[in-house]
>>> print(open('model-v1.txt').read())   # compact mmCIF, C-alpha atoms and all ligand atoms
# COMPACT_ATOMS: atom_id res chain seq x y z
CA MET A 184 -11.98 -37.01 9.88
CA SER A 185 -15.35 -38.35 11.00
CA PRO A 186 -18.32 -36.68 9.27
CA GLU A 187 -19.39 -34.97 12.50
CA PRO A 188 -16.22 -33.96 14.38
CA ARG A 189 -15.88 -33.84 18.16
CA ILE A 190 -14.73 -30.34 19.04
CA ALA A 191 -12.86 -28.89 22.03
CA VAL A 192 -13.18 -25.15 22.71
CA VAL A 193 -10.29 -24.13 24.98
CA GLY A 194 -10.79 -20.76 26.71
CA ALA A 195 -14.55 -21.16 26.37
CA THR A 196 -15.40 -18.72 29.20
CA GLY A 197 -13.39 -15.84 27.68
CA ALA A 198 -14.42 -13.02 25.33
CA VAL A 199 -13.33 -14.92 22.21
CA GLY A 200 -14.25 -18.39 23.50
CA ARG A 201 -17.84 -17.38 24.19
CA THR A 202 -18.06 -15.84 20.74
CA MET A 203 -16.70 -19.07 19.20
CA LEU A 204 -19.48 -21.05 20.88
CA GLU A 205 -22.10 -18.55 19.63
CA ILE A 206 -20.76 -18.70 16.07
CA LEU A 207 -20.60 -22.53 16.05
CA ALA A 208 -24.30 -22.49 17.02
CA GLU A 209 -25.26 -19.70 14.57
CA ARG A 210 -23.63 -21.51 11.66
CA ASP A 211 -25.14 -24.89 12.65
CA PHE A 212 -21.67 -26.40 12.72
CA ALA A 213 -22.27 -30.15 12.44
CA ALA A 214 -20.41 -31.43 15.50
CA ARG A 215 -20.82 -34.75 17.29
CA GLU A 216 -20.03 -33.01 20.58
CA ILE A 217 -18.67 -29.63 21.67
CA VAL A 218 -16.66 -29.68 24.91
CA PRO A 219 -15.76 -26.34 26.56
CA PHE A 220 -12.49 -26.07 28.50
CA ALA A 221 -11.16 -23.26 30.71
CA SER A 222 -9.04 -22.95 33.84
CA GLU A 223 -9.64 -24.78 37.13
CA ARG A 224 -11.46 -21.62 38.30
CA SER A 225 -14.31 -22.21 35.86
CA ALA A 226 -14.63 -26.00 36.01
CA GLY A 227 -18.26 -26.97 36.45
CA GLN A 228 -19.59 -23.61 35.21
CA GLU A 229 -22.69 -23.91 33.00
CA LEU A 230 -22.57 -22.17 29.63
CA PRO A 231 -25.48 -21.43 27.26
CA GLY A 232 -26.59 -24.54 25.37
CA GLY A 233 -26.28 -26.74 28.47
CA LEU A 234 -22.49 -27.08 28.13
CA THR A 235 -20.45 -27.66 31.29
CA VAL A 236 -16.90 -26.27 31.47
CA ARG A 237 -14.06 -28.71 32.14
CA ALA A 238 -10.56 -27.94 33.37
CA LEU A 239 -7.75 -28.97 31.01
CA SER A 240 -6.16 -32.24 32.08
CA GLU A 241 -4.30 -35.12 30.40
CA GLU A 242 -7.29 -37.39 31.04
CA GLU A 243 -9.83 -35.14 29.30
CA ILE A 244 -8.15 -34.38 25.98
CA ASP A 245 -8.42 -37.66 24.05
CA GLY A 246 -10.76 -38.25 21.14
CA PHE A 247 -11.07 -34.79 19.62
CA ASP A 248 -11.03 -34.13 15.86
CA ILE A 249 -10.69 -30.34 16.13
CA ALA A 250 -9.56 -28.11 19.03
CA LEU A 251 -10.25 -24.37 18.92
CA PHE A 252 -7.86 -22.55 21.27
CA SER A 253 -8.39 -19.10 22.74
CA ALA A 254 -6.81 -19.12 26.21
CA GLY A 255 -3.58 -17.15 25.70
CA SER A 256 -0.11 -18.09 24.47
CA GLY A 257 1.01 -19.96 27.60
CA VAL A 258 -1.93 -22.38 27.44
CA SER A 259 -1.45 -22.83 23.67
CA ARG A 260 2.25 -23.54 24.01
CA GLU A 261 1.62 -26.25 26.59
CA TRP A 262 -1.63 -27.83 25.40
CA ALA A 263 -1.92 -27.37 21.61
CA PRO A 264 0.87 -29.92 20.85
CA LYS A 265 -0.80 -32.38 23.25
CA PHE A 266 -4.14 -32.14 21.42
CA ALA A 267 -2.33 -32.38 18.05
CA ALA A 268 -0.34 -35.45 19.20
CA ARG A 269 -3.65 -37.14 20.02
CA GLY A 270 -4.95 -36.54 16.49
CA ALA A 271 -6.85 -33.24 16.76
CA VAL A 272 -6.32 -30.38 14.33
CA VAL A 273 -5.73 -27.30 16.49
CA VAL A 274 -6.82 -23.84 15.34
CA ASP A 275 -5.09 -21.41 17.69
CA ASN A 276 -6.07 -17.83 18.36
CA SER A 277 -3.03 -16.83 20.39
CA SER A 278 0.19 -15.39 18.98
CA CYS A 279 2.14 -18.47 20.13
CA TRP A 280 2.61 -20.26 16.76
CA ARG A 281 1.85 -17.53 14.21
CA MET A 282 5.39 -16.90 13.01
CA ASP A 283 6.47 -20.57 13.21
CA GLU A 284 7.54 -21.60 9.70
CA ASP A 285 5.73 -24.94 9.96
CA VAL A 286 2.44 -23.36 11.01
CA PRO A 287 0.08 -21.87 8.42
CA LEU A 288 -1.26 -18.42 9.38
CA VAL A 289 -4.59 -18.16 7.63
CA VAL A 290 -7.32 -15.63 6.87
CA SER A 291 -10.06 -17.78 5.34
CA GLU A 292 -10.78 -15.42 2.40
CA VAL A 293 -7.13 -14.50 1.80
CA ASN A 294 -4.86 -17.57 1.86
CA PRO A 295 -6.90 -20.76 2.51
CA GLU A 296 -4.43 -22.68 0.29
CA ALA A 297 -1.86 -22.34 3.11
CA LEU A 298 -3.96 -24.81 5.15
CA ASP A 299 -2.76 -27.69 2.98
CA ALA A 300 0.65 -27.55 4.67
CA HIS A 301 -0.58 -27.85 8.25
CA ARG A 302 0.99 -30.41 10.59
CA GLY A 303 -1.69 -30.39 13.25
CA ILE A 304 -1.59 -26.72 14.30
CA ILE A 305 -3.05 -23.78 12.35
CA ALA A 306 -2.68 -20.19 13.58
CA ASN A 307 -5.37 -17.53 13.50
CA PRO A 308 -3.97 -14.03 12.84
CA ASN A 309 -3.96 -10.95 15.06
CA CYS A 310 -7.38 -9.30 15.22
CA THR A 311 -6.17 -5.88 14.09
CA ALA A 312 -4.35 -7.26 11.07
CA MET A 313 -7.15 -9.67 10.11
CA GLN A 314 -9.88 -7.32 8.91
CA ALA A 315 -7.43 -4.98 7.19
CA LEU A 316 -5.88 -7.93 5.34
CA VAL A 317 -9.19 -8.94 3.78
CA VAL A 318 -9.23 -5.46 2.21
CA LEU A 319 -5.49 -5.24 1.45
CA LYS A 320 -5.44 -8.67 -0.22
CA ALA A 321 -8.15 -7.65 -2.70
CA ILE A 322 -6.25 -4.48 -3.58
CA SER A 323 -2.84 -6.16 -3.73
CA ASP A 324 -4.20 -8.73 -6.20
CA ALA A 325 -5.00 -5.81 -8.53
CA VAL A 326 -1.69 -3.92 -8.22
CA GLY A 327 1.63 -4.57 -6.45
CA LEU A 328 1.47 -3.47 -2.81
CA GLU A 329 4.75 -1.91 -1.66
CA ARG A 330 4.12 0.02 1.54
CA ILE A 331 1.42 0.63 4.13
CA VAL A 332 1.02 3.17 6.92
CA PHE A 333 -1.40 1.63 9.37
CA SER A 334 -2.99 3.47 12.34
CA SER A 335 -5.40 1.44 14.44
CA TYR A 336 -8.27 2.36 16.78
CA GLN A 337 -8.68 -0.78 18.92
CA SER A 338 -11.53 -1.65 21.25
CA THR A 339 -11.17 -2.91 24.81
CA SER A 340 -12.67 -6.34 24.07
CA GLY A 341 -9.49 -6.94 22.08
CA THR A 342 -7.70 -7.19 25.43
CA GLY A 343 -10.30 -9.55 26.92
CA LYS A 344 -13.07 -9.49 29.50
CA ALA A 345 -11.11 -7.73 32.26
CA ALA A 346 -10.49 -4.72 29.99
CA VAL A 347 -14.16 -4.46 29.03
CA ASP A 348 -15.01 -4.42 32.75
CA GLU A 349 -12.36 -1.72 33.35
CA LEU A 350 -13.83 0.59 30.67
CA GLU A 351 -17.35 0.02 32.01
CA ALA A 352 -16.42 0.67 35.67
CA GLN A 353 -14.42 3.83 34.90
CA THR A 354 -17.14 5.20 32.59
CA GLU A 355 -19.91 4.55 35.11
CA ALA A 356 -17.95 6.18 37.95
CA ILE A 357 -17.18 9.30 35.91
CA LEU A 358 -20.79 9.64 34.73
CA HIS A 359 -22.00 9.33 38.35
CA GLY A 360 -19.50 11.90 39.61
CA THR A 361 -17.53 9.41 41.73
CA GLU A 362 -13.81 8.58 41.76
CA PRO A 363 -13.10 6.11 38.91
CA PRO A 364 -11.24 2.91 39.84
CA ALA A 365 -7.50 3.09 39.12
CA PRO A 366 -6.40 1.47 35.86
CA GLU A 367 -5.24 -2.14 36.23
CA VAL A 368 -5.32 -3.53 32.70
CA TYR A 369 -4.06 -0.43 30.84
CA PRO A 370 -1.22 1.99 31.74
CA HIS A 371 -3.67 4.96 31.76
CA PRO A 372 -7.42 5.39 32.31
CA ILE A 373 -9.24 4.18 29.17
CA ALA A 374 -12.64 5.87 29.77
CA PHE A 375 -12.87 9.17 27.83
CA ASN A 376 -9.24 8.69 26.75
CA VAL A 377 -7.07 7.36 23.91
CA ILE A 378 -3.88 5.39 24.65
CA PRO A 379 -1.19 5.16 21.93
CA GLN A 380 0.14 1.86 23.26
CA VAL A 381 -1.31 -1.59 22.57
CA GLU A 382 0.53 -4.38 24.38
CA THR A 383 4.12 -3.69 25.46
CA PHE A 384 7.48 -2.31 24.36
CA LYS A 385 9.96 -5.20 24.42
CA ASP A 386 13.78 -5.10 24.60
CA GLY A 387 14.05 -1.38 23.85
CA ASP A 388 11.99 -1.64 20.64
CA ASP A 389 10.18 1.58 19.69
CA TYR A 390 7.33 -0.44 18.13
CA THR A 391 5.00 -2.32 20.52
CA THR A 392 4.57 -6.10 20.38
CA GLU A 393 1.11 -5.55 18.82
CA GLU A 394 2.62 -3.34 16.11
CA ARG A 395 5.30 -5.97 15.43
CA LYS A 396 2.53 -8.59 15.03
CA VAL A 397 0.68 -6.45 12.48
CA ILE A 398 3.92 -5.93 10.52
CA ALA A 399 5.15 -9.54 10.54
CA GLU A 400 1.76 -11.19 10.07
CA SER A 401 0.76 -8.91 7.16
CA ARG A 402 3.96 -9.90 5.36
CA LYS A 403 3.47 -13.63 6.02
CA ILE A 404 -0.23 -13.76 5.06
CA LEU A 405 0.10 -11.62 1.94
CA GLY A 406 3.27 -13.49 0.95
CA LEU A 407 5.11 -10.15 0.70
CA PRO A 408 8.24 -10.50 2.89
CA ASP A 409 9.56 -7.06 1.85
CA LEU A 410 6.34 -5.11 2.41
CA ALA A 411 7.22 -1.85 4.22
CA VAL A 412 4.82 -1.32 7.14
CA THR A 413 4.69 1.63 9.52
CA CYS A 414 2.22 0.86 12.26
CA THR A 415 0.78 2.77 15.23
CA CYS A 416 -1.69 0.81 17.36
CA VAL A 417 -3.99 2.86 19.59
CA ARG A 418 -6.49 1.76 22.26
CA VAL A 419 -9.79 3.68 22.26
CA PRO A 420 -12.78 3.56 24.65
CA VAL A 421 -14.91 1.36 22.39
CA PHE A 422 -16.29 -1.96 23.62
CA THR A 423 -16.26 -3.94 20.37
CA GLY A 424 -14.91 -3.29 16.88
CA HIS A 425 -11.38 -2.45 15.76
CA SER A 426 -10.83 0.20 13.08
CA ALA A 427 -7.79 1.28 11.10
CA ALA A 428 -6.85 4.25 8.92
CA ILE A 429 -4.58 2.90 6.19
CA VAL A 430 -2.46 4.54 3.50
CA ALA A 431 -1.36 1.97 0.93
CA GLU A 432 1.31 2.58 -1.71
CA PHE A 433 1.49 0.53 -4.92
CA ASP A 434 3.97 -0.17 -7.70
CA ARG A 435 1.67 1.60 -10.16
CA GLU A 436 -1.44 3.75 -10.35
CA LEU A 437 -4.71 2.44 -8.87
CA SER A 438 -7.64 4.78 -9.36
CA VAL A 439 -10.29 5.24 -6.67
CA GLU A 440 -12.84 3.97 -9.21
CA ARG A 441 -10.90 0.75 -9.92
CA ALA A 442 -10.24 0.17 -6.18
CA THR A 443 -13.96 0.61 -5.49
CA GLU A 444 -14.76 -1.93 -8.21
CA VAL A 445 -12.23 -4.43 -6.81
CA LEU A 446 -13.44 -4.00 -3.22
CA SER A 447 -17.11 -4.33 -4.10
CA ALA A 448 -16.35 -7.82 -5.46
CA ALA A 449 -14.08 -8.88 -2.56
CA PRO A 450 -15.36 -11.65 -0.24
CA GLY A 451 -15.92 -10.53 3.36
CA VAL A 452 -15.75 -6.82 2.44
CA VAL A 453 -18.58 -4.27 2.29
CA LEU A 454 -18.17 -0.69 1.09
CA ALA A 455 -19.61 1.95 3.42
CA GLU A 456 -19.55 5.74 3.29
CA LEU A 457 -18.42 5.96 6.93
CA PRO A 458 -17.33 2.61 8.41
CA THR A 459 -17.62 2.57 12.21
CA PRO A 460 -16.97 -0.08 14.87
CA LEU A 461 -20.62 0.09 15.97
CA MET A 462 -21.70 -0.68 12.41
CA ALA A 463 -19.30 -3.65 12.33
CA ALA A 464 -19.94 -5.07 15.81
CA GLY A 465 -21.97 -8.28 15.76
CA GLY A 466 -21.44 -8.78 12.02
CA ASP A 467 -19.14 -10.84 9.86
CA VAL A 468 -17.69 -8.39 7.32
CA ALA A 469 -15.01 -5.73 7.20
CA TYR A 470 -16.46 -2.36 6.23
CA VAL A 471 -14.25 -0.12 4.10
CA GLY A 472 -14.78 3.52 3.16
CA ARG A 473 -13.25 7.04 2.98
CA LEU A 474 -11.43 5.75 -0.10
CA ARG A 475 -9.41 8.60 -1.59
CA ARG A 476 -6.08 9.61 -3.09
CA ALA A 477 -3.21 10.07 -0.63
CA GLN A 478 -1.60 13.49 -1.07
CA GLY A 479 1.95 13.77 -2.36
CA ALA A 480 2.34 10.10 -3.23
CA PRO A 481 1.18 9.34 -6.77
CA HIS A 482 0.52 5.60 -6.45
CA SER A 483 -1.24 5.67 -3.09
CA LEU A 484 -4.74 5.39 -1.67
CA ALA A 485 -6.06 6.20 1.80
CA PHE A 486 -9.02 4.40 3.35
CA PHE A 487 -10.68 3.42 6.65
CA VAL A 488 -11.61 -0.12 7.73
CA ALA A 489 -13.81 -1.31 10.63
CA GLY A 490 -14.56 -4.90 11.71
CA ASP A 491 -15.69 -6.88 14.73
CA ASN A 492 -12.48 -7.96 16.53
CA LEU A 493 -14.20 -10.80 18.39
CA ARG A 494 -15.87 -12.19 15.26
CA LYS A 495 -13.87 -11.80 12.01
CA GLY A 496 -10.89 -10.64 14.07
CA ALA A 497 -10.89 -13.86 16.07
CA ALA A 498 -13.73 -16.35 16.58
CA LEU A 499 -15.36 -16.25 13.12
CA ASN A 500 -12.10 -16.85 11.26
CA VAL A 501 -11.33 -19.78 13.60
CA VAL A 502 -14.73 -21.33 12.84
CA GLN A 503 -14.32 -20.66 9.09
CA ILE A 504 -10.98 -22.51 9.20
CA ALA A 505 -12.59 -25.34 11.21
CA GLU A 506 -15.31 -25.60 8.53
CA ILE A 507 -12.65 -26.08 5.84
CA VAL A 508 -10.85 -28.69 8.00
CA ALA A 509 -14.11 -30.53 8.82
CA ALA A 510 -15.03 -30.63 5.13
CA GLY A 511 -11.75 -32.45 4.50
CA ARG A 512 -10.43 -29.59 2.40
CA ALA A 513 -7.29 -29.21 4.57
N1 LIG B 601 -10.19 -10.44 22.29
C1 LIG B 601 -9.84 -10.39 21.03
O1 LIG B 601 -10.33 -9.55 20.23
C2 LIG B 601 -8.83 -11.35 20.50
C3 LIG B 601 -8.65 -11.39 19.13
C4 LIG B 601 -7.72 -12.27 18.60
C5 LIG B 601 -7.02 -13.11 19.44
N2 LIG B 601 -7.22 -13.06 20.78
C6 LIG B 601 -6.46 -14.00 21.59
O2 LIG B 601 -7.34 -14.98 22.12
C7 LIG B 601 -6.92 -15.39 23.42
C8 LIG B 601 -8.03 -15.19 24.44
O3 LIG B 601 -8.43 -13.84 24.43
P1 LIG B 601 -9.75 -13.35 25.20
O4 LIG B 601 -9.87 -11.92 24.79
O5 LIG B 601 -10.91 -14.25 24.97
O6 LIG B 601 -9.27 -13.45 26.75
P2 LIG B 601 -10.15 -13.60 28.08
O7 LIG B 601 -11.49 -12.99 27.91
O8 LIG B 601 -9.28 -13.12 29.17
O9 LIG B 601 -10.35 -15.19 28.23
C9 LIG B 601 -9.28 -16.07 28.52
C10 LIG B 601 -9.78 -17.52 28.50
O10 LIG B 601 -8.65 -18.40 28.73
C11 LIG B 601 -8.95 -19.24 29.83
N3 LIG B 601 -7.75 -19.60 30.57
C12 LIG B 601 -6.88 -18.77 31.21
N4 LIG B 601 -5.90 -19.48 31.81
C13 LIG B 601 -6.15 -20.78 31.55
C14 LIG B 601 -5.52 -22.00 31.88
N5 LIG B 601 -4.41 -22.03 32.63
N6 LIG B 601 -6.06 -23.17 31.43
C15 LIG B 601 -7.18 -23.16 30.68
N7 LIG B 601 -7.84 -22.03 30.32
C16 LIG B 601 -7.32 -20.86 30.75
C17 LIG B 601 -9.90 -18.43 30.68
O11 LIG B 601 -10.59 -19.29 31.57
P3 LIG B 601 -11.14 -18.74 33.01
O12 LIG B 601 -12.40 -18.01 32.71
O13 LIG B 601 -11.35 -20.01 33.75
O14 LIG B 601 -10.06 -17.86 33.57
C18 LIG B 601 -10.79 -17.84 29.60
O15 LIG B 601 -11.69 -18.81 29.14
C19 LIG B 601 -5.64 -14.60 23.69
O16 LIG B 601 -4.53 -15.37 23.25
C20 LIG B 601 -5.79 -13.38 22.81
O17 LIG B 601 -4.57 -12.80 22.47
C21 LIG B 601 -8.12 -12.22 21.35
>>> encode(input="model-v1.txt", output="structure tokens")
Amino acid sequence: MSPEPRIAVVGATGAVGRTMLEILAERDFAAREIVPFASERSAGQELPGGLTVRALSEEEIDGFDIALFSAGSGVSREWAPKFAARGAVVVDNSSCWRMDEDVPLVVSEVNPEALDAHRGIIANPNCTAMQALVVLKAISDAVGLERIVFSSYQSTSGTGKAAVDELEAQTEAILHGTEPPAPEVYPHPIAFNVIPQVETFKDGDDYTTEERKVIAESRKILGLPDLAVTCTCVRVPVFTGHSAAIVAEFDRELSVERATEVLSAAPGVVLAELPTPLMAAGGDVAYVGRLRRAQGAPHSLAFFVAGDNLRKGAALNVVQIAEIVAAGRA
């Protein structure tokens, strides 16, 4: 790879894509050129930093060293192999390749060694799983992790820009005493509500597709194929920051004191008395707190995690992976 890679950002006008561009700038990522791509609709649009959006086309995708994808699974399925075939290393934010055996699924602090096996495409994990895994990895290195019960509180920016607009419009209407616009993104109004469904129920499954991602990706990233995971993903009227209440069960005793010690030394983790999404939004760490014994289960701990879904949950981890790739360490 050339010392200063040429980088494509695909989905650059979206919630995650914009955050990727911000983080590349914040971290002074040494790039020869950064080229933003989006759909035909956005071609020609000016983005901060004087970047002009291009539409994806066969003619425009040559000569990239790294391509950061965040434009949904359909776009990744079609275009990621094309970028990879032309020599770029793709880091993909969608769920398209995550469970593919040949594609490493990487949280930069948890399993960077998996990057060595990449064949041109690297997958970035689900945003809800990501921040919890930074915490769970640290604990599972100290004792054997056997089971987790995972209940999420997910913000609207996790669905993308249209969902953020829906929460804003409904909230504003209600606060001004007018009829709120009917829900389009979610199955129920999201303002002043809580919806116990994230993504969809597929083929009669009683877990949603989001819950299935948390289950399967946690097992793959932690290297624990038999980990028992019960997961309930819930959408809440928060703009940015996903949280999760987790009960983790181990193969032996782990005291609150020892867990606190382990977590205070874990990279990307900060202990907080009361972690909240507002505290986490705009930052790069997962906050963990409310650490206590779980009742009735001797080898268990309960705790609460909050992180920024657009940053560590998506864009930051992509950029951290790109930094490892650019440094020639993968
Ligand atoms: N939001 C999160 O917290 C989060 C976290 C982890 C992973 N992800 C994943 O990241 C991806 C993007 O999410 P998002 O929240 O940023 O969505 P978003 O705000 O809706 O943005 C979607 C982006 O994809 C572009 N796009 C759509 N169709 C395209 C096409 N045919 N060709 C090229 N570009 C196209 C859009 O361009 P236009 O503006 O031109 O339409 C826009 O830039 C999804 O796969 C999502 O699952 C999101």
>>> residues_around(input="model-v1.txt", residues="Phe384 of chain A", least_positions_apart="5", cutoff="10 Å", atoms="all atoms listed in the file", output="PDB file with C-alpha atoms, in the coordinates of the input")
ATOM      1  CA  ASP A 389      10.180   1.580  19.690  1.00  0.00           C
ATOM      2  CA  TYR A 390       7.330  -0.440  18.130  1.00  0.00           C
ATOM      3  CA  THR A 391       5.000  -2.320  20.520  1.00  0.00           C
ATOM      4  CA  THR A 392       4.570  -6.100  20.380  1.00  0.00           C
ATOM      5  CA  GLU A 393       1.110  -5.550  18.820  1.00  0.00           C
ATOM      6  CA  GLU A 394       2.620  -3.340  16.110  1.00  0.00           C
ATOM      7  CA  ARG A 395       5.300  -5.970  15.430  1.00  0.00           C
TER       8      ARG A 395
END
>>> closest_residue(input="model-v1.txt", among="A:Pro372, A:Gly479, A:Gly343, A:Pro458", to="ligand LIG 601 (chain B)", atoms="all atoms listed in the file")
A:Gly343
>>> residues_near_ligand(input="model-v1.txt", ligand="ligand LIG 601 (chain B)", cutoff="6 Å", atoms="all atoms listed in the file", output="PyMOL selection string")
chain A and resi 194-200+221-222+224-225+239+253-256+258+276-277+309-310+340-344+492-493+496-497
>>> residues_around(input="model-v1.txt", residues="Ile304 of chain A", least_positions_apart="4", cutoff="7 Å", atoms="all atoms listed in the file", output="PyMOL selection string")
chain A and resi 267+272-274+286
>>> atom_distance(input="model-v1.txt", atom1="atom CA of Ala477 of chain A", atom2="atom CA of Ala489 of chain A")
19.2 Å
>>> atom_distance(input="model-v1.txt", atom1="atom CA of Val421 of chain A", atom2="atom CA of Val377 of chain A")
10.0 Å
>>> atom_distance(input="model-v1.txt", atom1="atom CA of Val471 of chain A", atom2="atom CA of Thr413 of chain A")
19.8 Å
>>> residues_around(input="model-v1.txt", residues="Val381 of chain A", least_positions_apart="2", cutoff="12 Å", atoms="only C-alpha atoms", output="ChimeraX atom specification")
/A:311,334-339,341-342,368-371,373,377-379,383-385,390-397,414-419
>>> closest_residue(input="model-v1.txt", among="A:Gly232, A:Pro186, A:Pro364, A:Gly246", to="Gly270 of chain A", atoms="all atoms listed in the file")
A:Gly246
>>> closest_residue(input="model-v1.txt", among="A:Val218, A:Ile249, A:Val236, A:Ala510", to="Pro188 of chain A", atoms="all atoms listed in the file")
A:Ile249
>>> residues_around(input="model-v1.txt", residues="segment 436-448 of chain A", least_positions_apart="2", cutoff="9 Å", atoms="all atoms listed in the file", output="ChimeraX atom specification")
/A:318,321-322,325-326,433-434,450,452-454,471,474-476,481-484
>>> closest_residue(input="model-v1.txt", among="A:Asp285, A:Asp388, A:Pro295, A:Ala485", to="Gly472 of chain A", atoms="all atoms listed in the file")
A:Ala485
>>> closest_residue(input="model-v1.txt", among="A:Ile404, A:Glu229, A:Glu187, A:His425", to="Asp211 of chain A", atoms="all atoms listed in the file")
A:Glu187
>>> residues_around(input="model-v1.txt", residues="Leu234 of chain A", least_positions_apart="4", cutoff="12 Å", atoms="only C-alpha atoms", output="ChimeraX atom specification")
/A:191-192,195-196,201,204,216-220,226-230
>>> closest_residue(input="model-v1.txt", among="A:Asp283, A:Glu349, A:Glu456, A:Glu355", to="Val488 of chain A", atoms="all atoms listed in the file")
A:Glu456
>>> axis_aligned_box(input="model-v1.txt", around="segment 355-373 of chain A", padding_each_side="3 Å", output="AutoDock Vina command-line options")
--center_x -11.6 --center_y 4.2 --center_z 35.5 --size_x 26.8 --size_y 21.4 --size_z 18.6
>>> residues_near_point(input="model-v1.txt", point="(-4.8, -20.8, 4.3)", cutoff="12 Å", atoms="all atoms listed in the file", output="PDB file with C-alpha atoms, keeping the file's coordinate frame")
ATOM      1  CA  VAL A 274      -6.820 -23.840  15.340  1.00  0.00           C
ATOM      2  CA  VAL A 286       2.440 -23.360  11.010  1.00  0.00           C
ATOM      3  CA  PRO A 287       0.080 -21.870   8.420  1.00  0.00           C
ATOM      4  CA  LEU A 288      -1.260 -18.420   9.380  1.00  0.00           C
ATOM      5  CA  VAL A 289      -4.590 -18.160   7.630  1.00  0.00           C
ATOM      6  CA  VAL A 290      -7.320 -15.630   6.870  1.00  0.00           C
ATOM      7  CA  SER A 291     -10.060 -17.780   5.340  1.00  0.00           C
ATOM      8  CA  GLU A 292     -10.780 -15.420   2.400  1.00  0.00           C
ATOM      9  CA  VAL A 293      -7.130 -14.500   1.800  1.00  0.00           C
ATOM     10  CA  ASN A 294      -4.860 -17.570   1.860  1.00  0.00           C
ATOM     11  CA  PRO A 295      -6.900 -20.760   2.510  1.00  0.00           C
ATOM     12  CA  GLU A 296      -4.430 -22.680   0.290  1.00  0.00           C
ATOM     13  CA  ALA A 297      -1.860 -22.340   3.110  1.00  0.00           C
ATOM     14  CA  LEU A 298      -3.960 -24.810   5.150  1.00  0.00           C
ATOM     15  CA  ASP A 299      -2.760 -27.690   2.980  1.00  0.00           C
ATOM     16  CA  ALA A 300       0.650 -27.550   4.670  1.00  0.00           C
ATOM     17  CA  HIS A 301      -0.580 -27.850   8.250  1.00  0.00           C
ATOM     18  CA  ILE A 305      -3.050 -23.780  12.350  1.00  0.00           C
ATOM     19  CA  ALA A 306      -2.680 -20.190  13.580  1.00  0.00           C
ATOM     20  CA  ASN A 307      -5.370 -17.530  13.500  1.00  0.00           C
ATOM     21  CA  PRO A 308      -3.970 -14.030  12.840  1.00  0.00           C
ATOM     22  CA  LYS A 403       3.470 -13.630   6.020  1.00  0.00           C
ATOM     23  CA  ILE A 404      -0.230 -13.760   5.060  1.00  0.00           C
ATOM     24  CA  LEU A 405       0.100 -11.620   1.940  1.00  0.00           C
ATOM     25  CA  GLY A 406       3.270 -13.490   0.950  1.00  0.00           C
ATOM     26  CA  ASN A 500     -12.100 -16.850  11.260  1.00  0.00           C
ATOM     27  CA  VAL A 501     -11.330 -19.780  13.600  1.00  0.00           C
ATOM     28  CA  GLN A 503     -14.320 -20.660   9.090  1.00  0.00           C
ATOM     29  CA  ILE A 504     -10.980 -22.510   9.200  1.00  0.00           C
ATOM     30  CA  ALA A 505     -12.590 -25.340  11.210  1.00  0.00           C
ATOM     31  CA  ILE A 507     -12.650 -26.080   5.840  1.00  0.00           C
ATOM     32  CA  VAL A 508     -10.850 -28.690   8.000  1.00  0.00           C
ATOM     33  CA  ARG A 512     -10.430 -29.590   2.400  1.00  0.00           C
ATOM     34  CA  ALA A 513      -7.290 -29.210   4.570  1.00  0.00           C
TER      35      ALA A 513
END
>>> residues_near_point(input="model-v1.txt", point="(-1.4, -6.7, 3.7)", cutoff="6 Å", atoms="only C-alpha atoms", output="list in words")
Leu316, Leu319, Lys320, Ser401 and Leu405 of chain A
